[in-house]
file query28.cif (mmCIF, C-alpha atoms)
data_model
loop_
_atom_site.label_atom_id
_atom_site.label_comp_id
_atom_site.auth_asym_id
_atom_site.auth_seq_id
_atom_site.Cartn_x
_atom_site.Cartn_y
_atom_site.Cartn_z
CA MET L 661 0.00 0.00 0.00
CA VAL L 662 1.34 3.44 -0.93
CA THR L 663 1.89 5.67 2.11
CA ARG L 664 0.30 9.10 2.53
CA SER L 665 3.74 10.72 2.58
CA ALA L 666 4.61 9.04 -0.74
CA LEU L 667 1.34 10.29 -2.26
CA LEU L 668 2.12 13.79 -1.02
CA GLY L 669 5.58 13.61 -2.58
CA ASP L 670 4.16 12.44 -5.92
CA TYR L 671 1.71 15.33 -5.98
CA LEU L 672 4.35 17.94 -5.12
CA ARG L 673 6.67 16.62 -7.81
CA ALA L 674 3.93 16.53 -10.45
CA ARG L 675 2.77 20.07 -9.71
CA ARG L 676 6.34 21.38 -9.58
CA ASP L 677 6.93 20.01 -13.08
CA ARG L 678 3.79 21.79 -14.34
CA THR L 679 4.39 25.18 -12.68
CA ARG L 680 6.24 27.73 -14.78
CA PRO L 681 8.58 30.28 -13.18
CA GLU L 682 6.41 33.16 -14.37
CA ASP L 683 3.41 31.58 -12.57
CA ILE L 684 4.98 32.57 -9.25
CA GLY L 685 6.64 35.82 -10.34
CA LEU L 686 10.06 34.50 -11.38
CA HIS L 687 11.74 35.58 -14.59
CA PRO L 688 12.36 32.58 -16.90
CA GLU L 689 16.01 32.12 -17.68
CA PRO L 690 17.23 31.69 -21.26
CA ASN L 691 18.11 28.10 -22.16
CA ARG L 692 16.38 26.81 -19.03
CA ARG L 693 16.61 23.01 -18.98
CA VAL L 694 13.68 22.13 -16.71
CA PRO L 695 10.05 22.60 -17.85
CA GLY L 696 8.79 23.58 -14.42
CA LEU L 697 10.32 24.78 -11.18
CA ARG L 698 13.48 23.56 -9.50
CA ARG L 699 13.16 22.16 -5.99
CA GLU L 700 15.14 25.02 -4.51
CA GLU L 701 12.82 27.53 -6.23
CA VAL L 702 9.76 25.94 -4.65
CA ALA L 703 11.48 25.85 -1.26
CA ALA L 704 12.49 29.51 -1.48
CA ALA L 705 8.99 30.58 -2.58
CA ALA L 706 7.46 28.60 0.31
CA GLY L 707 9.95 29.91 2.87
CA ILE L 708 11.27 26.48 3.85
CA SER L 709 14.68 24.89 3.50
CA ALA L 710 15.59 23.02 0.34
CA GLU L 711 16.51 20.00 2.49
CA TYR L 712 13.06 19.91 4.09
CA TYR L 713 11.31 20.26 0.74
CA LEU L 714 13.45 17.40 -0.64
CA ARG L 715 12.28 15.21 2.27
CA LEU L 716 8.66 16.06 1.43
CA GLU L 717 9.06 15.15 -2.25
CA ARG L 718 10.76 11.90 -1.35
CA GLY L 719 8.00 10.95 1.08
CA ARG L 720 10.16 11.20 4.19
CA ASP L 721 8.00 13.68 6.11
CA HIS L 722 4.68 12.38 7.35
CA GLN L 723 2.61 15.41 8.24
CA PRO L 724 3.67 18.97 7.32
CA SER L 725 1.99 21.75 9.27
CA GLU L 726 -0.94 23.78 7.94
CA GLN L 727 1.42 26.75 7.57
CA VAL L 728 3.77 24.73 5.37
CA VAL L 729 0.88 23.30 3.32
CA VAL L 730 -0.49 26.79 2.59
CA ALA L 731 3.00 28.05 1.72
CA LEU L 732 3.57 25.15 -0.68
CA ALA L 733 0.23 25.77 -2.36
CA ARG L 734 1.21 29.38 -2.92
CA ALA L 735 4.67 28.39 -4.21
CA LEU L 736 3.11 25.95 -6.69
CA ALA L 737 0.34 28.36 -7.77
CA LEU L 738 -2.35 25.87 -6.74
CA ASP L 739 -5.98 26.85 -7.06
CA ARG L 740 -8.56 26.36 -4.31
CA SER L 741 -9.17 22.70 -5.07
CA GLY L 742 -5.43 22.06 -5.31
CA LEU L 743 -4.90 23.54 -1.84
CA GLU L 744 -7.69 21.41 -0.36
CA TYR L 745 -6.29 18.30 -2.04
CA LEU L 746 -2.82 19.07 -0.67
CA ARG L 747 -4.35 19.46 2.80
CA ARG L 748 -6.00 16.04 2.49
CA LEU L 749 -2.74 14.37 1.50
CA ALA L 750 -1.03 15.93 4.52
CA ARG L 751 -3.62 14.44 6.90
CA PRO L 752 -4.04 10.80 7.96
CA ALA L 753 -6.23 8.66 5.73
CA PRO L 754 -9.96 8.82 6.57
CA PRO L 755 -11.66 5.69 7.94
CA ALA L 756 -13.11 3.33 5.37
CA PRO L 757 -16.83 3.87 4.71
CA ASP L 758 -19.34 1.47 6.23
CA PRO L 759 -20.85 -0.47 3.28
CA ARG L 760 -24.04 -1.03 5.28
CA THR L 761 -24.88 2.66 4.93
CA ARG L 762 -24.43 2.58 1.14
CA THR L 763 -27.04 0.26 -0.31
CA PRO L 764 -29.68 0.99 -2.99
CA ASP L 765 -32.49 0.37 -0.50
CA ASP L 766 -31.04 2.57 2.25
CA HIS L 767 -34.16 4.24 3.69
CA GLU L 768 -32.56 7.64 4.28
CA LEU L 769 -31.16 7.80 0.75
CA GLN L 770 -34.48 6.70 -0.74
CA ARG L 771 -36.34 9.40 1.19
CA LEU L 772 -33.84 11.97 -0.07
CA LEU L 773 -34.23 10.82 -3.68
CA ALA L 774 -38.02 10.74 -3.42
CA ARG L 775 -38.06 14.50 -2.81
CA HIS L 776 -36.88 15.13 -6.37
CA ASP L 777 -39.31 15.04 -9.26
CA GLY L 778 -36.51 14.90 -11.84
CA PRO L 779 -33.77 12.30 -12.35
CA ALA L 780 -31.58 12.00 -9.25
CA PHE L 781 -28.98 9.58 -7.95
CA VAL L 782 -26.43 9.26 -5.14
CA ALA L 783 -22.77 8.60 -5.96
CA ASP L 784 -19.81 7.77 -3.76
CA GLU L 785 -16.16 8.87 -3.67
CA VAL L 786 -15.24 6.90 -6.79
CA ILE L 787 -18.27 8.22 -8.73
CA GLY L 788 -20.05 4.90 -8.36
CA VAL L 789 -23.84 5.07 -8.23
CA VAL L 790 -25.11 3.92 -4.83
CA ALA L 791 -28.83 4.63 -5.23
CA SER L 792 -31.14 6.33 -7.72
CA ASN L 793 -34.78 7.27 -8.06
CA PRO L 794 -36.97 5.35 -10.55
CA LEU L 795 -36.82 8.10 -13.17
CA ALA L 796 -33.01 8.18 -13.26
CA ALA L 797 -32.79 4.39 -13.36
CA ALA L 798 -35.33 4.21 -16.20
CA LEU L 799 -33.55 6.84 -18.28
CA SER L 800 -30.07 5.32 -18.40
CA GLU L 801 -28.09 2.40 -17.02
CA SER L 802 -25.31 4.87 -16.19
CA MET L 803 -27.56 6.20 -13.40
CA ARG L 804 -28.48 2.80 -11.94
CA PRO L 805 -26.96 1.41 -8.73
CA GLY L 806 -23.71 -0.39 -9.41
CA ALA L 807 -22.68 1.74 -12.39
CA ASN L 808 -19.42 3.67 -12.21
CA ARG L 809 -19.71 6.84 -14.24
CA LEU L 810 -15.96 7.37 -14.63
CA VAL L 811 -15.41 3.84 -15.95
CA GLN L 812 -18.33 4.23 -18.37
CA MET L 813 -16.91 7.54 -19.63
CA PHE L 814 -13.82 5.68 -20.82
CA THR L 815 -15.27 2.30 -21.80
CA THR L 816 -18.80 2.66 -23.18
CA MET L 817 -19.13 6.31 -24.18
CA ASP L 818 -19.07 6.98 -27.93
CA ARG L 819 -16.43 9.70 -28.13
CA SER L 820 -17.50 10.68 -31.62
CA ILE L 821 -20.90 11.92 -30.41
CA TYR L 822 -20.04 13.23 -26.95
CA PRO L 823 -19.43 17.02 -27.10
CA GLU L 824 -15.83 17.94 -26.22
CA TRP L 825 -15.18 14.44 -24.91
CA HIS L 826 -11.48 14.99 -24.14
CA ARG L 827 -12.08 18.13 -22.09
CA ARG L 828 -15.00 16.65 -20.18
CA ALA L 829 -13.26 13.33 -19.59
CA ARG L 830 -10.19 15.14 -18.27
CA GLU L 831 -12.44 17.15 -15.92
CA MET L 832 -14.11 13.96 -14.68
CA VAL L 833 -10.71 12.44 -13.88
CA ALA L 834 -9.84 15.61 -11.94
CA VAL L 835 -13.14 15.34 -10.02
CA PHE L 836 -12.42 11.66 -9.31
CA ARG L 837 -8.98 12.51 -7.91
CA MET L 838 -10.44 15.28 -5.77
CA ARG L 839 -13.26 13.14 -4.36
CA SER L 840 -11.45 9.86 -3.80
CA ASP L 841 -8.84 8.75 -1.30
CA LEU L 842 -5.81 7.30 -3.05
CA SER L 843 -5.30 4.71 -0.33
CA ASP L 844 -8.76 3.26 -1.09
CA PRO L 845 -8.44 -0.17 -2.80
CA ARG L 846 -11.35 0.77 -5.10
CA VAL L 847 -9.28 3.66 -6.45
CA HIS L 848 -6.33 1.35 -7.13
CA ALA L 849 -8.59 -1.04 -9.03
CA ILE L 850 -10.21 1.66 -11.17
CA VAL L 851 -6.97 3.50 -11.93
CA GLY L 852 -5.19 0.25 -12.77
CA GLN L 853 -7.99 -0.95 -15.04
CA LEU L 854 -8.36 2.30 -16.96
CA SER L 855 -4.62 3.08 -17.18
CA VAL L 856 -3.97 -0.22 -18.93
CA ARG L 857 -7.02 0.04 -21.17
CA ASP L 858 -6.97 3.71 -22.16
CA PRO L 859 -3.94 5.94 -22.85
CA ASP L 860 -6.10 9.06 -22.53
CA PHE L 861 -7.00 8.15 -18.98
CA ALA L 862 -3.36 7.41 -18.16
CA ALA L 863 -2.32 10.86 -19.43
CA PHE L 864 -5.13 12.64 -17.58
CA TRP L 865 -4.34 10.81 -14.35
CA ALA L 866 -0.62 11.59 -14.61
CA SER L 867 -1.39 15.33 -14.73
CA HIS L 868 -2.55 15.25 -11.06
CA ASP L 869 -5.27 17.81 -11.83
CA THR L 870 -8.03 18.34 -9.26
CA ARG L 871 -11.47 19.85 -9.67
CA VAL L 872 -14.60 20.39 -7.60
CA PHE L 873 -17.83 20.04 -9.59
CA THR L 874 -21.00 21.70 -8.31
CA THR L 875 -23.10 22.57 -11.35
CA GLY L 876 -22.93 22.66 -15.12
CA PRO L 877 -24.08 20.96 -18.33
CA ALA L 878 -24.15 17.18 -18.47
CA TYR L 879 -24.84 14.76 -21.29
CA GLU L 880 -26.54 11.39 -21.10
CA VAL L 881 -27.14 8.78 -23.79
CA ILE L 882 -30.82 7.86 -23.39
CA PRO L 883 -31.89 4.94 -25.62
CA PRO L 884 -33.54 5.21 -28.08
CA PHE L 885 -33.44 9.03 -28.05
CA GLY L 886 -29.65 9.42 -28.26
CA LEU L 887 -27.48 12.03 -26.60
CA LEU L 888 -29.42 14.58 -24.54
CA GLU L 889 -28.21 17.64 -22.64
CA PHE L 890 -29.19 18.34 -19.02
CA GLU L 891 -28.23 20.83 -16.36
CA CYS L 892 -26.55 18.96 -13.53
CA GLU L 893 -26.10 19.84 -9.86
CA ASP L 894 -24.00 18.03 -7.25
CA LEU L 895 -24.52 18.48 -3.51
CA GLY L 896 -22.73 16.76 -0.65
CA ILE L 897 -25.08 14.88 1.68
CA PRO L 898 -24.81 16.07 5.30
CA GLY L 899 -23.82 13.28 7.65
CA ARG L 900 -22.83 11.00 4.77
CA ASP L 901 -19.20 11.84 4.11
CA GLY L 902 -18.19 10.97 0.58
CA LEU L 903 -21.73 10.68 -0.80
CA THR L 904 -23.07 13.22 -3.28
CA LEU L 905 -26.60 13.82 -4.53
CA THR L 906 -26.71 14.49 -8.27
CA THR L 907 -29.85 15.96 -9.82
CA LEU L 908 -30.53 16.52 -13.53
CA TYR L 909 -32.77 19.22 -14.95
CA ALA L 910 -34.05 19.72 -18.48
CA ALA L 911 -34.77 23.18 -19.87
CA PRO L 912 -38.43 23.46 -20.98
CA ALA L 913 -37.51 23.93 -24.66
CA SER L 914 -34.79 21.27 -24.70
CA ARG L 915 -34.93 17.88 -26.41
CA ALA L 916 -34.58 16.27 -22.99
CA ALA L 917 -37.78 17.77 -21.52
CA PRO L 918 -40.31 15.69 -23.53
CA VAL L 919 -38.18 12.57 -23.00
CA ILE L 920 -38.35 13.01 -19.22
CA ALA L 921 -42.11 13.61 -19.48
CA PHE L 922 -42.55 10.48 -21.61
CA VAL L 923 -40.53 8.24 -19.25
CA ARG L 924 -42.25 9.70 -16.18
CA GLU L 925 -45.68 8.93 -17.69
CA ARG L 926 -44.61 5.39 -18.60
CA LEU L 927 -43.45 4.78 -15.03
CA ALA L 928 -46.79 6.07 -13.72
CA HIS L 929 -48.67 3.66 -15.99
CA GLN L 930 -46.49 0.76 -14.87
CA ALA L 931 -47.06 1.62 -11.20
CA HIS L 932 -50.80 1.82 -11.80
CA ALA L 933 -50.84 -1.52 -13.61
CA GLU L 934 -48.89 -3.21 -10.81
CA ARG L 935 -51.15 -1.81 -8.08
CA PRO L 936 -53.43 -4.54 -6.72
CA THR L 937 -57.12 -4.00 -7.48
CA ARG L 938 -59.65 -3.95 -4.65
CA THR L 939 -62.65 -6.23 -4.85
CA ASP L 940 -65.79 -5.78 -2.79
CA GLN L 941 -66.59 -8.62 -0.45
#
call {"tool": "encode", "arguments": {"input": "query28.cif", "output": "structure tokens"}}
result
Amino acid sequence: MVTRSALLGDYLRARRDRTRPEDIGLHPEPNRRVPGLRREEVAAAAGISAEYYLRLERGRDHQPSEQVVVALARALALDRSGLEYLRRLARPAPPAPDPRTRTPDDHELQRLLARHDGPAFVADEVIGVVASNPLAAALSESMRPGANRLVQMFTTMDRSIYPEWHRRAREMVAVFRMRSDLSDPRVHAIVGQLSVRDPDFAAFWASHDTRVFTTGPAYEVIPPFGLLEFECEDLGIPGRDGLTLTTLYAAPASRAAPVIAFVRERLAHQAHAERPTRTDQ
């Protein structure tokens, strides 16, 4: 198992290679041989010794202080999500989630999903669907319990029809890195599977990008209607660390709106047909 300090060192090294001198106010030298920053430049910008920074990159320091973490984020020109990710790597690993609280028939999750008239599902740290409401499950198998939306992005998605697939896939990998814990065996399995199978994933993962997704456009392939655009919103679930509620909305004039109405009506007819009839005694 890779240690937290080794993960921290990998992240620092990757971000140092991607940070240009001008990103932190340094003048690039002519004929500079390194693409990013030198270790001593990061150390000087963070106000720490070069020896201490070298120990961090080599995974020999277990838990740098908050002051050092913030200084390193500034020295590497990290954005808000990058700083939060660096903080997480500098802390001990969180406890493993209790699988008993993450089942499709979990009463609390079902009550939460039932409050939403549109498609809605709950996903975990590795973007695996834990539970969904009937409308989401009826619309697409990618929103049914057991599906992993990151894996499907790289294995079943038709890249020729998905708008800006490379940009969106790269963003999803960044969201996956931000949400997941790299000491989680599920992360090792997913990263290993996709890295071997898909060179695009391997390149995106090697960039060490992080991203927090809250709202924006989303696309779903809904048979037999094809690719439809929705507005998507992600919200963390209070008291359920690592779980996120995702809701999809369709603009009234969009192609998705009548599809949702059609599927909703079909579900209502099915429920009515399955309801037992009363007979008078």
call {"tool": "closest_residue", "arguments": {"input": "query28.cif", "among": "L:Glu785, L:Glu824, L:Glu891, L:Asp869", "to": "L:Asp739", "atoms": "all atoms listed in the file"}}
result
L:Asp869
call {"tool": "closest_atom_pairs", "arguments": {"input": "query28.cif", "of": "stretch 666-781 of chain L", "to": "stretch 870-886 of chain L", "cutoff": "8 Å", "atoms": "all atoms listed in the file", "output": "tab-separated table"}}
result
residue	atom	partner	partner_atom	distance
L:Ser741	CA	L:Arg871	CA	5.9
L:Gly742	CA	L:Thr870	CA	6.0
L:Tyr745	CA	L:Thr870	CA	7.4
call {"tool": "atom_distance", "arguments": {"input": "query28.cif", "atom1": "atom CA of L:Thr763", "atom2": "atom CA of L:Pro805"}}
result
8.5 Å
call {"tool": "atom_distance", "arguments": {"input": "query28.cif", "atom1": "atom CA of L:Pro912", "atom2": "atom CA of L:Arg926"}}
result
19.2 Å
call {"tool": "resolve_selection", "arguments": {"input": "query28.cif", "expression": "the PyMOL selection byres ((chain L and resi 679) around 10)", "output": "VMD selection string"}}
result
chain L and resid 674 to 678 680 to 684 695 to 698 702 735 to 738
call {"tool": "write_last_selection", "arguments": {"input": "query28.cif", "atoms": "C-alpha atoms", "output": "PDB file, in the coordinates of the input"}}
result
ATOM      1  CA  ALA L 674       3.930  16.530 -10.450  1.00  0.00           C
ATOM      2  CA  ARG L 675       2.770  20.070  -9.710  1.00  0.00           C
ATOM      3  CA  ARG L 676       6.340  21.380  -9.580  1.00  0.00           C
ATOM      4  CA  ASP L 677       6.930  20.010 -13.080  1.00  0.00           C
ATOM      5  CA  ARG L 678       3.790  21.790 -14.340  1.00  0.00           C
ATOM      6  CA  ARG L 680       6.240  27.730 -14.780  1.00  0.00           C
ATOM      7  CA  PRO L 681       8.580  30.280 -13.180  1.00  0.00           C
ATOM      8  CA  GLU L 682       6.410  33.160 -14.370  1.00  0.00           C
ATOM      9  CA  ASP L 683       3.410  31.580 -12.570  1.00  0.00           C
ATOM     10  CA  ILE L 684       4.980  32.570  -9.250  1.00  0.00           C
ATOM     11  CA  PRO L 695      10.050  22.600 -17.850  1.00  0.00           C
ATOM     12  CA  GLY L 696       8.790  23.580 -14.420  1.00  0.00           C
ATOM     13  CA  LEU L 697      10.320  24.780 -11.180  1.00  0.00           C
ATOM     14  CA  ARG L 698      13.480  23.560  -9.500  1.00  0.00           C
ATOM     15  CA  VAL L 702       9.760  25.940  -4.650  1.00  0.00           C
ATOM     16  CA  ALA L 735       4.670  28.390  -4.210  1.00  0.00           C
ATOM     17  CA  LEU L 736       3.110  25.950  -6.690  1.00  0.00           C
ATOM     18  CA  ALA L 737       0.340  28.360  -7.770  1.00  0.00           C
ATOM     19  CA  LEU L 738      -2.350  25.870  -6.740  1.00  0.00           C
TER      20      LEU L 738
END
call {"tool": "closest_atom_pairs", "arguments": {"input": "query28.cif", "of": "stretch 734-810 of chain L", "to": "stretch 899-907 of chain L", "cutoff": "9 Å", "atoms": "all atoms listed in the file", "output": "JSON lines"}}
result
{"residue": "L:Pro757", "atom": "CA", "partner": "L:Gly902", "partner_atom": "CA", "distance": 8.3}
{"residue": "L:Thr761", "atom": "CA", "partner": "L:Arg900", "partner_atom": "CA", "distance": 8.6}
{"residue": "L:Arg762", "atom": "CA", "partner": "L:Leu903", "partner_atom": "CA", "distance": 8.8}
{"residue": "L:Leu772", "atom": "CA", "partner": "L:Leu905", "partner_atom": "CA", "distance": 8.7}
{"residue": "L:Leu773", "atom": "CA", "partner": "L:Leu905", "partner_atom": "CA", "distance": 8.2}
{"residue": "L:His776", "atom": "CA", "partner": "L:Thr907", "partner_atom": "CA", "distance": 7.9}
{"residue": "L:Gly778", "atom": "CA", "partner": "L:Thr907", "partner_atom": "CA", "distance": 7.0}
{"residue": "L:Pro779", "atom": "CA", "partner": "L:Thr907", "partner_atom": "CA", "distance": 5.9}
{"residue": "L:Ala780", "atom": "CA", "partner": "L:Thr907", "partner_atom": "CA", "distance": 4.4}
{"residue": "L:Phe781", "atom": "CA", "partner": "L:Thr906", "partner_atom": "CA", "distance": 5.4}
{"residue": "L:Val782", "atom": "CA", "partner": "L:Leu905", "partner_atom": "CA", "distance": 4.6}
{"residue": "L:Ala783", "atom": "CA", "partner": "L:Thr904", "partner_atom": "CA", "distance": 5.3}
{"residue": "L:Asp784", "atom": "CA", "partner": "L:Leu903", "partner_atom": "CA", "distance": 4.6}
{"residue": "L:Glu785", "atom": "CA", "partner": "L:Gly902", "partner_atom": "CA", "distance": 5.2}
{"residue": "L:Val786", "atom": "CA", "partner": "L:Gly902", "partner_atom": "CA", "distance": 8.9}
{"residue": "L:Ile787", "atom": "CA", "partner": "L:Thr904", "partner_atom": "CA", "distance": 8.8}
{"residue": "L:Val790", "atom": "CA", "partner": "L:Leu903", "partner_atom": "CA", "distance": 8.6}
call {"tool": "closest_residue", "arguments": {"input": "query28.cif", "among": "L:Pro764, L:Pro823, L:Gly685, L:Gly669", "to": "L:Ala797", "atoms": "all atoms listed in the file"}}
result
L:Pro764
call {"tool": "resolve_selection", "arguments": {"input": "query28.cif", "expression": "the PyMOL selection byres ((chain L and resi 810) around 9)", "output": "PyMOL selection string"}}
result
chain L and resi 786-788+808-809+811-815+829+832-833+836+850
call {"tool": "closest_residue", "arguments": {"input": "query28.cif", "among": "L:Leu888, L:Leu716, L:Leu769, L:Ala703", "to": "L:Ala911", "atoms": "all atoms listed in the file"}}
result
L:Leu888
call {"tool": "resolve_selection", "arguments": {"input": "query28.cif", "expression": "the PyMOL selection byres ((chain L and resi 860) around 9)", "output": "PyMOL selection string"}}
result
chain L and resi 814+826+829-830+855+858-859+861-865
call {"tool": "atom_distance", "arguments": {"input": "query28.cif", "atom1": "atom CA of L:Ser800", "atom2": "atom CA of L:Gly896"}}
result
22.4 Å
call {"tool": "residues_near_point", "arguments": {"input": "query28.cif", "point": "(-39.7, 15.8, -20.9)", "cutoff": "12 Å", "atoms": "all atoms listed in the file", "output": "compact mmCIF listing (two decimals) with C-alpha atoms, in the frame of the given file"}}
result
# COMPACT_ATOMS: atom_id res chain seq x y z
CA ASP L 777 -39.31 15.04 -9.26
CA GLY L 778 -36.51 14.90 -11.84
CA PRO L 779 -33.77 12.30 -12.35
CA LEU L 795 -36.82 8.10 -13.17
CA LEU L 799 -33.55 6.84 -18.28
CA PHE L 885 -33.44 9.03 -28.05
CA LEU L 888 -29.42 14.58 -24.54
CA GLU L 889 -28.21 17.64 -22.64
CA PHE L 890 -29.19 18.34 -19.02
CA LEU L 908 -30.53 16.52 -13.53
CA TYR L 909 -32.77 19.22 -14.95
CA ALA L 910 -34.05 19.72 -18.48
CA ALA L 911 -34.77 23.18 -19.87
CA PRO L 912 -38.43 23.46 -20.98
CA ALA L 913 -37.51 23.93 -24.66
CA SER L 914 -34.79 21.27 -24.70
CA ARG L 915 -34.93 17.88 -26.41
CA ALA L 916 -34.58 16.27 -22.99
CA ALA L 917 -37.78 17.77 -21.52
CA PRO L 918 -40.31 15.69 -23.53
CA VAL L 919 -38.18 12.57 -23.00
CA ILE L 920 -38.35 13.01 -19.22
CA ALA L 921 -42.11 13.61 -19.48
CA PHE L 922 -42.55 10.48 -21.61
CA VAL L 923 -40.53 8.24 -19.25
CA ARG L 924 -42.25 9.70 -16.18
CA GLU L 925 -45.68 8.93 -17.69
CA ARG L 926 -44.61 5.39 -18.60
call {"tool": "closest_residue", "arguments": {"input": "query28.cif", "among": "L:Ala704, L:Glu934, L:Ala753, L:Arg693", "to": "L:Asp841", "atoms": "all atoms listed in the file"}}
result
L:Ala753
call {"tool": "residues_around", "arguments": {"input": "query28.cif", "residues": "L:Arg720", "least_positions_apart": "4", "cutoff": "8 Å", "atoms": "all atoms listed in the file", "output": "list in words"}}
result
Ser665, Ala666, Arg715 and Leu716 of chain L
call {"tool": "closest_atom_pairs", "arguments": {"input": "query28.cif", "of": "stretch 746-808 of chain L", "to": "stretch 727-733 of chain L", "cutoff": "10 Å", "atoms": "only C-alpha atoms", "output": "tab-separated table"}}
result
residue	atom	partner	partner_atom	distance
L:Leu746	CA	L:Val729	CA	6.9
L:Arg747	CA	L:Val729	CA	6.5
L:Leu749	CA	L:Val729	CA	9.8
L:Ala750	CA	L:Val729	CA	7.7
call {"tool": "closest_residue", "arguments": {"input": "query28.cif", "among": "L:Pro936, L:Gly707, L:Pro688, L:Gly719", "to": "L:Asp670", "atoms": "only C-alpha atoms"}}
result
L:Gly719
